[in-house]
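J.: Contents of coords-v5.csv (CSV, C-alpha atoms) are below:
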```
chain,number,residue,atom,x,y,z
L,1236,MET,CA,0.0,0.0,0.0
L,1237,ARG,CA,2.2,2.7,-1.2
L,1238,LEU,CA,-0.6,4.7,-2.6
L,1239,GLY,CA,-0.5,7.0,0.4
L,1240,ILE,CA,3.2,7.8,0.0
L,1241,LEU,CA,2.7,8.4,-3.7
L,1242,MET,CA,-0.2,10.7,-3.2
L,1243,ALA,CA,1.7,12.6,-0.5
L,1244,GLY,CA,4.7,12.9,-2.8
L,1245,ILE,CA,2.5,14.2,-5.7
L,1246,GLY,CA,0.8,16.7,-3.4
L,1247,LEU,CA,4.2,17.9,-2.1
L,1248,VAL,CA,5.6,18.4,-5.5
L,1249,LEU,CA,2.5,20.2,-6.7
L,1250,GLY,CA,2.5,22.4,-3.6
L,1251,VAL,CA,6.2,23.4,-4.1
L,1252,ALA,CA,5.5,24.1,-7.8
L,1253,VAL,CA,2.5,26.3,-7.0
L,1254,GLY,CA,4.4,28.0,-4.2
L,1255,LEU,CA,7.3,28.8,-6.5
L,1256,HIS,CA,4.9,30.5,-8.9
L,1257,LEU,CA,3.0,32.5,-6.2
L,1258,PRO,CA,4.5,35.9,-5.4
L,1259,LEU,CA,3.3,35.6,-1.9
L,1260,VAL,CA,5.3,36.6,1.2
L,1261,PHE,CA,3.9,36.1,4.7
L,1262,PRO,CA,4.3,38.8,7.3
L,1263,GLN,CA,7.1,38.0,9.6
L,1264,ALA,CA,4.8,38.1,12.6
L,1265,TYR,CA,3.0,35.0,11.4
L,1266,GLY,CA,6.2,32.9,11.3
L,1267,LYS,CA,5.1,30.8,14.3
L,1268,TYR,CA,1.7,30.1,12.8
L,1269,ILE,CA,3.2,29.0,9.5
L,1270,GLY,CA,5.7,26.8,11.2
L,1271,LEU,CA,3.0,25.1,13.3
L,1272,ALA,CA,0.7,24.8,10.2
L,1273,MET,CA,3.6,23.0,8.5
L,1274,LEU,CA,4.1,20.7,11.4
L,1275,ALA,CA,0.3,19.9,11.5
L,1276,ALA,CA,0.3,19.2,7.8
L,1277,LEU,CA,3.4,17.0,8.1
L,1278,ASP,CA,1.9,15.1,11.1
L,1279,SER,CA,-1.3,14.6,9.1
L,1280,VAL,CA,0.5,13.4,6.0
L,1281,PHE,CA,2.6,10.9,8.1
L,1282,GLY,CA,-0.6,9.8,9.9
L,1283,GLY,CA,-2.4,9.4,6.7
L,1284,VAL,CA,0.3,7.4,5.1
L,1285,ARG,CA,0.5,5.1,8.1
L,1286,ALA,CA,-3.3,4.7,8.1
L,1287,SER,CA,-3.4,3.9,4.4
L,1288,MET,CA,-0.7,1.3,5.0
L,1289,GLU,CA,-2.7,-0.2,7.7
L,1290,ASP,CA,-5.7,-0.1,5.4
L,1291,ARG,CA,-7.8,1.9,7.9
L,1292,PHE,CA,-7.6,5.2,6.2
L,1293,ASP,CA,-10.7,7.4,6.7
L,1294,ASN,CA,-11.1,10.6,4.8
L,1295,ALA,CA,-13.2,12.3,7.5
L,1296,ILE,CA,-10.9,11.4,10.4
L,1297,PHE,CA,-7.9,12.4,8.3
L,1298,LEU,CA,-9.2,15.9,7.3
L,1299,SER,CA,-10.9,16.7,10.6
L,1300,GLY,CA,-7.7,15.6,12.4
L,1301,PHE,CA,-5.6,17.9,10.2
L,1302,PHE,CA,-7.8,21.0,10.7
L,1303,ALA,CA,-8.5,20.3,14.4
L,1304,ASN,CA,-4.8,19.9,15.2
L,1305,ALA,CA,-3.9,23.0,13.1
L,1306,LEU,CA,-6.6,25.1,14.8
L,1307,LEU,CA,-5.5,23.9,18.3
L,1308,ALA,CA,-1.9,24.7,17.5
L,1309,ALA,CA,-2.8,28.1,16.2
L,1310,GLY,CA,-4.9,28.7,19.3
L,1311,LEU,CA,-2.0,27.8,21.5
L,1312,VAL,CA,0.3,30.2,19.7
L,1313,PHE,CA,-2.2,33.0,20.0
L,1314,VAL,CA,-3.0,32.5,23.7
L,1315,GLY,CA,0.7,32.0,24.4
L,1316,ASP,CA,1.5,35.3,22.7
L,1317,ARG,CA,-1.1,37.1,24.8
L,1318,LEU,CA,0.0,35.4,28.1
L,1319,GLY,CA,3.7,35.8,27.4
L,1320,VAL,CA,4.1,32.0,27.8
L,1321,GLU,CA,5.3,29.9,24.9
L,1322,LEU,CA,2.4,27.5,25.0
L,1323,TYR,CA,3.0,26.4,21.4
L,1324,THR,CA,6.0,24.3,22.4
L,1325,ALA,CA,3.3,21.8,23.7
L,1326,ALA,CA,2.0,21.5,20.1
L,1327,ILE,CA,5.5,21.3,18.7
L,1328,VAL,CA,6.5,18.5,21.1
L,1329,ALA,CA,3.2,16.6,20.5
L,1330,PHE,CA,3.5,16.9,16.7
L,1331,GLY,CA,7.2,15.9,16.8
L,1332,VAL,CA,6.6,12.8,19.0
L,1333,ARG,CA,3.7,11.7,16.7
L,1334,LEU,CA,5.8,12.4,13.6
L,1335,PHE,CA,8.6,10.1,14.7
L,1336,GLN,CA,6.2,7.4,16.0
L,1337,ASN,CA,4.4,7.4,12.6
L,1338,LEU,CA,7.7,7.4,10.8
L,1339,GLY,CA,8.8,4.4,12.9
L,1340,VAL,CA,5.6,2.5,12.1
L,1341,ILE,CA,5.9,3.3,8.4
L,1342,ARG,CA,9.5,2.2,8.4
L,1343,ARG,CA,8.8,-1.1,10.0
L,1344,ARG,CA,5.9,-1.8,7.6
L,1345,LEU,CA,8.1,-1.0,4.6
L,1346,LEU,CA,10.9,-3.2,5.9
L,1347,LYS,CA,8.7,-6.1,6.8
L,1348,LYS,CA,7.2,-6.4,3.3
V,1120,MET,CA,-9.0,4.2,-3.6
V,1121,ILE,CA,-7.4,7.1,-5.3
V,1122,GLN,CA,-10.2,9.3,-4.5
V,1123,ARG,CA,-10.0,8.4,-0.9
V,1124,HIS,CA,-6.4,9.2,-0.8
V,1125,PHE,CA,-6.9,12.5,-2.5
V,1126,SER,CA,-7.0,14.3,0.8
V,1127,ILE,CA,-3.5,13.2,1.6
V,1128,ALA,CA,-2.4,14.8,-1.6
V,1129,LEU,CA,-4.3,17.9,-0.6
V,1130,VAL,CA,-2.6,18.1,2.7
V,1131,GLY,CA,0.7,17.4,1.1
V,1132,LEU,CA,0.0,20.2,-1.3
V,1133,ILE,CA,-0.7,22.6,1.6
V,1134,LEU,CA,2.5,21.4,3.2
V,1135,GLY,CA,4.6,22.0,0.1
V,1136,LEU,CA,3.0,25.4,-0.4
V,1137,LEU,CA,3.7,26.5,3.1
V,1138,LEU,CA,7.2,25.2,3.0
V,1139,VAL,CA,8.1,27.2,-0.1
V,1140,LEU,CA,6.4,30.4,1.0
V,1141,GLN,CA,7.9,30.3,4.4
V,1142,PHE,CA,11.3,29.6,3.0
V,1143,ARG,CA,10.9,32.6,0.7
V,1144,THR,CA,9.7,34.8,3.6
V,1145,ALA,CA,12.6,33.8,5.8
V,1146,ASN,CA,15.0,34.6,3.0
V,1147,GLN,CA,13.5,37.8,1.9
V,1148,GLN,CA,12.9,39.5,5.1
V,1149,GLU,CA,15.3,40.7,7.7
V,1150,PRO,CA,15.4,38.3,10.6
V,1151,ALA,CA,12.9,39.4,13.2
V,1152,VAL,CA,14.2,41.5,16.1
V,1153,PRO,CA,14.8,39.1,19.0
V,1154,GLY,CA,12.7,39.6,22.0
V,1155,ASP,CA,15.5,40.7,24.4
V,1156,ARG,CA,16.7,43.2,21.7
V,1157,ALA,CA,13.2,44.6,21.5
V,1158,HIS,CA,13.1,44.9,25.3
V,1159,GLU,CA,16.5,46.6,25.2
V,1160,LEU,CA,15.3,49.0,22.6
V,1161,THR,CA,12.1,49.7,24.6
V,1162,VAL,CA,14.2,50.5,27.7
V,1163,GLU,CA,16.5,52.7,25.6
V,1164,LEU,CA,13.5,54.5,24.1
V,1165,LYS,CA,12.0,55.1,27.5
V,1166,ALA,CA,15.4,56.5,28.8
V,1167,LEU,CA,15.7,58.7,25.7
V,1168,THR,CA,12.1,60.0,26.1
V,1169,THR,CA,12.9,60.9,29.7
V,1170,GLU,CA,16.1,62.6,28.7
V,1171,ARG,CA,14.3,64.5,25.9
V,1172,ALA,CA,11.7,65.7,28.4
V,1173,GLY,CA,14.5,66.8,30.7
V,1174,LEU,CA,16.3,68.6,27.9
V,1175,GLU,CA,13.0,70.3,26.9
V,1176,SER,CA,12.5,71.6,30.4
V,1177,VAL,CA,16.2,72.8,30.4
V,1178,ALA,CA,15.5,74.5,27.0
V,1179,ARG,CA,12.4,76.2,28.5
V,1180,ASP,CA,14.4,77.3,31.5
V,1181,LEU,CA,17.1,78.8,29.3
V,1182,GLU,CA,14.6,80.5,27.1
V,1183,GLY,CA,13.1,82.1,30.2
V,1184,LYS,CA,16.5,83.2,31.3
V,1185,LEU,CA,17.3,84.6,27.8
V,1186,ALA,CA,14.0,86.5,27.8
V,1187,ARG,CA,14.9,87.9,31.3
V,1188,ALA,CA,18.4,88.8,30.0
V,1189,ARG,CA,16.8,90.6,27.0
V,1190,LEU,CA,14.5,92.4,29.4
V,1191,GLY,CA,17.6,93.3,31.5
V,1192,TYR,CA,19.3,94.5,28.3
V,1193,VAL,CA,16.4,96.8,27.5
V,1194,GLN,CA,16.4,98.1,31.0
V,1195,ALA,CA,20.1,98.7,30.9
V,1196,GLU,CA,19.7,100.6,27.6
V,1197,GLU,CA,16.9,102.7,29.2
V,1198,THR,CA,19.2,103.4,32.1
V,1199,ILE,CA,22.0,104.4,29.9
V,1200,LYS,CA,19.7,106.7,27.8
V,1201,ALA,CA,18.4,108.3,31.0
V,1202,GLN,CA,22.0,108.8,32.2
V,1203,ILE,CA,22.9,110.4,28.8
V,1204,ARG,CA,19.9,112.7,29.1
V,1205,GLU,CA,20.9,113.6,32.6
V,1206,ALA,CA,24.5,114.2,31.5
V,1207,ALA,CA,23.3,116.4,28.7
V,1208,VAL,CA,21.2,118.4,31.1
V,1209,LEU,CA,24.2,118.8,33.4
V,1210,ALA,CA,26.5,119.7,30.6
V,1211,GLY,CA,24.1,122.3,29.3
V,1212,MET,CA,23.5,120.7,26.0
V,1213,THR,CA,19.7,120.7,26.3
V,1214,ARG,CA,17.0,123.4,26.7
V,1215,VAL,CA,16.0,123.4,30.3
V,1216,ALA,CA,13.2,125.0,32.3
V,1217,GLY,CA,12.4,125.6,36.0
V,1218,PRO,CA,11.8,128.2,38.6
V,1219,GLY,CA,14.4,130.9,39.0
V,1220,VAL,CA,15.2,134.6,38.6
V,1221,ARG,CA,15.6,136.9,35.7
V,1222,VAL,CA,18.1,139.7,36.2
V,1223,ILE,CA,18.2,142.7,33.8
V,1224,ILE,CA,21.2,145.1,34.0
V,1225,THR,CA,21.3,148.3,32.0
V,1226,SER,CA,23.4,151.3,32.1
V,1227,ARG,CA,21.2,154.1,33.1
V,1228,THR,CA,19.7,155.8,30.0
V,1229,GLY,CA,20.5,159.3,29.0
V,1230,ALA,CA,23.8,160.7,27.7
V,1231,THR,CA,25.3,161.6,31.0
V,1232,PRO,CA,22.8,160.4,33.6
V,1233,PRO,CA,23.5,162.0,37.0
V,1234,GLY,CA,24.2,158.8,38.9
V,1235,ALA,CA,26.0,156.9,36.1
V,1236,ILE,CA,29.5,156.4,37.0
V,1237,PHE,CA,30.4,153.3,35.1
V,1238,ALA,CA,28.9,151.4,32.2
V,1239,VAL,CA,28.2,147.7,32.8
V,1240,ARG,CA,31.5,145.8,32.4
V,1241,ASP,CA,32.4,142.2,32.1
V,1242,GLU,CA,33.4,142.1,35.7
V,1243,ASP,CA,29.9,143.0,36.8
V,1244,LEU,CA,28.4,140.2,34.9
V,1245,LEU,CA,31.1,137.8,36.2
V,1246,LYS,CA,30.4,138.8,39.8
V,1247,LEU,CA,26.7,138.4,39.3
V,1248,VAL,CA,27.1,135.0,37.8
V,1249,ASN,CA,29.5,134.1,40.6
V,1250,GLU,CA,27.0,135.2,43.2
V,1251,LEU,CA,24.2,133.2,41.5
V,1252,ARG,CA,26.4,130.1,41.3
V,1253,ALA,CA,27.2,130.6,45.0
V,1254,ALA,CA,23.5,130.5,45.6
V,1255,GLU,CA,23.3,127.1,43.8
V,1256,ALA,CA,21.9,128.2,40.5
V,1257,GLU,CA,21.7,125.1,38.4
V,1258,ALA,CA,21.6,126.7,34.9
V,1259,LEU,CA,22.6,130.1,33.8
V,1260,SER,CA,22.5,132.1,30.6
V,1261,ILE,CA,23.4,135.6,29.6
V,1262,ASN,CA,21.5,137.1,26.6
V,1263,GLY,CA,20.7,133.6,25.3
V,1264,GLN,CA,24.3,132.3,25.8
V,1265,ARG,CA,24.2,129.3,28.0
V,1266,LEU,CA,27.0,129.3,30.6
V,1267,ILE,CA,28.7,126.0,30.9
V,1268,SER,CA,31.9,124.7,32.5
V,1269,THR,CA,34.1,126.2,29.7
V,1270,SER,CA,32.2,129.5,29.3
V,1271,ALA,CA,34.1,132.8,29.4
V,1272,ILE,CA,32.9,136.3,30.0
V,1273,ARG,CA,35.3,138.9,28.9
V,1274,LEU,CA,35.7,142.3,27.5
V,1275,ALA,CA,36.5,142.5,23.9
V,1276,GLY,CA,37.0,146.1,22.8
V,1277,SER,CA,33.9,148.0,23.9
V,1278,HIS,CA,31.7,144.9,24.0
V,1279,ILE,CA,31.3,142.0,26.2
V,1280,ASN,CA,31.8,138.5,24.8
V,1281,VAL,CA,30.1,135.5,26.3
V,1282,ASN,CA,31.1,132.1,24.8
V,1283,LEU,CA,33.1,134.2,22.3
V,1284,GLN,CA,29.8,135.7,21.1
V,1285,ARG,CA,29.3,139.4,21.3
V,1286,ILE,CA,26.4,140.5,23.4
V,1287,THR,CA,24.8,143.9,23.7
V,1288,PRO,CA,22.9,145.7,26.4
V,1289,PRO,CA,20.5,145.3,28.0
V,1290,TYR,CA,22.1,142.3,29.7
V,1291,GLU,CA,19.6,139.6,30.8
V,1292,ILE,CA,20.8,136.9,33.1
V,1293,LEU,CA,18.6,133.9,33.5
V,1294,ALA,CA,19.2,131.5,36.4
V,1295,ILE,CA,17.3,128.4,37.4
V,1296,GLY,CA,17.4,127.5,41.1
V,1297,ASP,CA,15.6,128.4,44.3
V,1298,PRO,CA,14.2,131.8,43.3
V,1299,ILE,CA,14.1,133.2,46.9
V,1300,ALA,CA,17.7,132.1,47.6
V,1301,LEU,CA,18.9,133.5,44.3
V,1302,ARG,CA,17.2,136.8,44.8
V,1303,ASN,CA,18.4,137.1,48.4
V,1304,SER,CA,22.0,136.4,47.4
V,1305,LEU,CA,21.9,139.3,45.0
V,1306,GLU,CA,19.9,141.8,47.1
V,1307,ILE,CA,21.7,141.2,50.4
V,1308,LYS,CA,22.4,144.5,52.2
V,1309,GLY,CA,25.7,145.8,51.1
V,1310,GLY,CA,25.8,143.2,48.5
V,1311,LEU,CA,26.7,143.2,44.8
V,1312,VAL,CA,23.4,144.6,43.4
V,1313,GLU,CA,23.4,147.4,45.9
V,1314,THR,CA,26.9,148.4,44.9
V,1315,MET,CA,26.0,148.2,41.2
V,1316,ARG,CA,22.9,150.4,41.8
V,1317,ASP,CA,25.1,152.8,43.6
V,1318,TRP,CA,27.4,152.9,40.6
V,1319,GLY,CA,24.5,153.9,38.5
V,1320,MET,CA,23.3,150.7,36.9
V,1321,ASP,CA,19.7,149.6,36.7
V,1322,VAL,CA,19.4,146.1,38.1
V,1323,THR,CA,16.0,144.5,37.9
V,1324,ILE,CA,15.4,141.1,39.6
V,1325,GLU,CA,12.3,139.1,38.9
V,1326,THR,CA,11.5,135.7,40.4
V,1327,GLN,CA,9.6,133.5,38.0
V,1328,ASN,CA,8.0,130.1,38.3
V,1329,ARG,CA,9.2,129.0,34.9
V,1330,ILE,CA,12.3,130.2,33.2
V,1331,VAL,CA,13.5,128.6,30.0
V,1332,ILE,CA,17.2,128.5,29.3
V,1333,PRO,CA,18.5,127.6,25.8
V,1334,PRO,CA,21.2,125.0,25.3
V,1335,PHE,CA,24.9,125.6,24.6
V,1336,LYS,CA,24.8,126.0,20.8
V,1337,ARG,CA,28.3,125.1,19.7
V,1338,PRO,CA,29.8,121.7,19.7
V,1339,LEU,CA,31.7,120.9,22.9
V,1340,VAL,CA,34.9,119.2,22.0
V,1341,TYR,CA,37.9,118.6,24.2
V,1342,ASP,CA,41.1,118.3,22.1
V,1343,TYR,CA,43.6,117.9,24.9
V,1344,THR,CA,41.8,116.4,27.8
V,1345,GLU,CA,41.3,112.7,28.3
V,1346,PRO,CA,39.9,110.7,31.2
V,1347,VAL,CA,42.3,109.0,33.6
V,1348,ALA,CA,41.3,105.9,35.6
V,1349,GLU,CA,41.1,106.7,39.2
V,1350,ALA,CA,43.8,105.1,41.3
V,1351,SER,CA,42.4,102.4,43.5
V,1352,HIS,CA,43.1,102.8,47.1
```
Let me see the file written as structure tokens.
T.:
Amino acid sequence: MRLGILMAGIGLVLGVAVGLHLPLVFPQAYGKYIGLAMLAALDSVFGGVRASMEDRFDNAIFLSGFFANALLAAGLVFVGDRLGVELYTAAIVAFGVRLFQNLGVIRRRLLKK
Amino acid sequence: MIQRHFSIALVGLILGLLLVLQFRTANQQEPAVPGDRAHELTVELKALTTERAGLESVARDLEGKLARARLGYVQAEETIKAQIREAAVLAGMTRVAGPGVRVIITSRTGATPPGAIFAVRDEDLLKLVNELRAAEAEALSINGQRLISTSAIRLAGSHINVNLQRITPPYEILAIGDPIALRNSLEIKGGLVETMRDWGMDVTIETQNRIVIPPFKRPLVYDYTEPVAEASH
């Protein structure tokens, strides 16, 4: 079941191609938000690939997970900025841990085949 | 199957998009000002604002002092002008007025009047002026010639010169001062005027509330005299 990896790769290449042709520049202040959005997307992609390998991929869970995680992370950044506490590190740690877990599972699955 | 995995591609697309855009953003823009640097700048700004406020108050203070100094300058100028006016009055360079006496001396009329022994001479005028000065006359003139510190009264031929100007009878002496004191000094028993009357001159003395005395009309220039600083003791 390498379809997930394939789709993710195609999406990534397309995104990079589109991004290179868009003359957009984000305001510097949104750097944290962009970074967390990237982490959320990365987490979702790894999660999706893993799920599709395990044959239990669900579109609704995948998309709702992506948006819910991204929103929570953005909310943490926003509240953290207001409070002066860097709450978003919680999101970074959580995403990071899940990223490596998912990567580990995907690796094992690929090697076992 | 492909349709179900389409959302992975979508999220991957978003990821790629964000990656490129953020990469560009990070490369194009100056690195953000670090938090501690921002704090430092804020503190510096606050200090500079305080300093600026202090300097502004100093500037206001100095402006006030400058205004007062200008005021003082104006006052000093006024004082100097007043002193110049006063000096001009003392030197006899201005027309002055005040109470005083008017003395008119004439040789008695008629070719050989019975009592006329002498015509009026320079000495008579000198003595009169001397008498008036002794009675603290402040300003004097003879026939419109102001008497100042350098004035001379002398006989030149058959005429009398005052300030080197020829004057003719009748002789009119104007004096500003205490009218009673001036009059008394002249009319004292056995005094000058009595003597002159005895010698056959008509001397009329009028006290007046307001006598106007003209200024010294020629320039007053000292060619040889210069001031010397007073020795300090």
J.: Using all atoms listed in the file, find each residue in chain L having at least one atom no more than 6 Å away from chain V; report its shortest atom-to-atom pair and that distance in Å (one decimal), rows by chain then rising number, as a tab-separated table.
T.:
```
residue	atom	partner	partner_atom	distance
L:Met1242	CA	V:Ala1128	CA	4.9
L:Ala1243	CA	V:Ala1128	CA	4.8
L:Gly1246	CA	V:Ala1128	CA	4.1
L:Leu1247	CA	V:Gly1135	CA	4.7
L:Leu1249	CA	V:Leu1132	CA	6.0
L:Gly1250	CA	V:Leu1132	CA	4.0
L:Val1251	CA	V:Gly1135	CA	4.7
L:Gly1254	CA	V:Leu1136	CA	4.8
L:Val1260	CA	V:Thr1144	CA	5.3
L:Met1273	CA	V:Leu1134	CA	5.6
L:Ala1276	CA	V:Leu1134	CA	5.6
L:Val1280	CA	V:Ile1127	CA	5.9
```
J.: Take the residues from that selection and put them in a file with C-alpha atoms, as a PDB file, in the frame of the given file.
T.:
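The resulting selection.pdb:
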```
ATOM      1  CA  MET L1242      -0.200  10.700  -3.200  1.00  0.00           C
ATOM      2  CA  ALA L1243       1.700  12.600  -0.500  1.00  0.00           C
ATOM      3  CA  GLY L1246       0.800  16.700  -3.400  1.00  0.00           C
ATOM      4  CA  LEU L1247       4.200  17.900  -2.100  1.00  0.00           C
ATOM      5  CA  LEU L1249       2.500  20.200  -6.700  1.00  0.00           C
ATOM      6  CA  GLY L1250       2.500  22.400  -3.600  1.00  0.00           C
ATOM      7  CA  VAL L1251       6.200  23.400  -4.100  1.00  0.00           C
ATOM      8  CA  GLY L1254       4.400  28.000  -4.200  1.00  0.00           C
ATOM      9  CA  VAL L1260       5.300  36.600   1.200  1.00  0.00           C
ATOM     10  CA  MET L1273       3.600  23.000   8.500  1.00  0.00           C
ATOM     11  CA  ALA L1276       0.300  19.200   7.800  1.00  0.00           C
ATOM     12  CA  VAL L1280       0.500  13.400   6.000  1.00  0.00           C
TER      13      VAL L1280
END
```
J.: Quick one: everything within 8 Å of Phe1301 (chain L), counting all atoms listed in the file, minus sequence neighbours fewer than 3 positions away in the same chain. Send it as a list of chain:residue names.
T.: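 Neighbouring residues, sequence-local ones excluded: L:Ala1275, L:Ala1276, L:Ser1279, L:Phe1297, L:Leu1298, L:Asn1304, L:Ala1305.
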J.: Find the residues around Arg1221 (chain V) up to 9 Å (all atoms listed in the file counted), leave out those fewer than 6 positions away in its own chain, and share them as a ChimeraX atom specification.
T.: /V:1291-1295,1323-1327,1330
J.: When you look at region 1216-1219 of chain V with a cut-off of 12 Å (counting all atoms listed in the file), what residues show up, excluding the ones that are within fewer than 4 positions of it in the same chain? I need them as a PyMOL selection string.
T.: chain V and resi 1208+1211+1251+1254-1260+1292-1303+1324-1334
J.: With distances taken over all atoms listed in the file, which of V:Leu1245, V:Leu1185, V:Ala1210, V:Ala1350 is nearest to Ala1271 (chain V)?
T.: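 Selected residue with least distance to Ala1271 (chain V): V:Leu1245.
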J.: State, in Å with one decimal place, the distance from CA of Arg1342 (chain L) to CA of Asn1294 (chain L).
T.: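 Interatomic distance, CA of Arg1342 (chain L) to CA of Asn1294 (chain L): 22.5 Å.
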J.: List as number ranges by chain the protein and nucleic acid residues near region 1326-1339 of chain L, meaning an atom at most 6 Å away when only C-alpha atoms are counted, but skip any in the same chain fewer than 3 places from it.
T.: L: 1278, 1281, 1308, 1323, 1342
J.: Write out as a list in words the residues lying within 9 Å of Asp1241 (chain V), counting only C-alpha atoms and excluding same-chain residues fewer than 5 positions away.
T.: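 Near neighbours after the sequence-gap exclusion: Lys1246, Ile1272, Arg1273, Leu1274, His1278, Ile1279 and Asn1280 of chain V.
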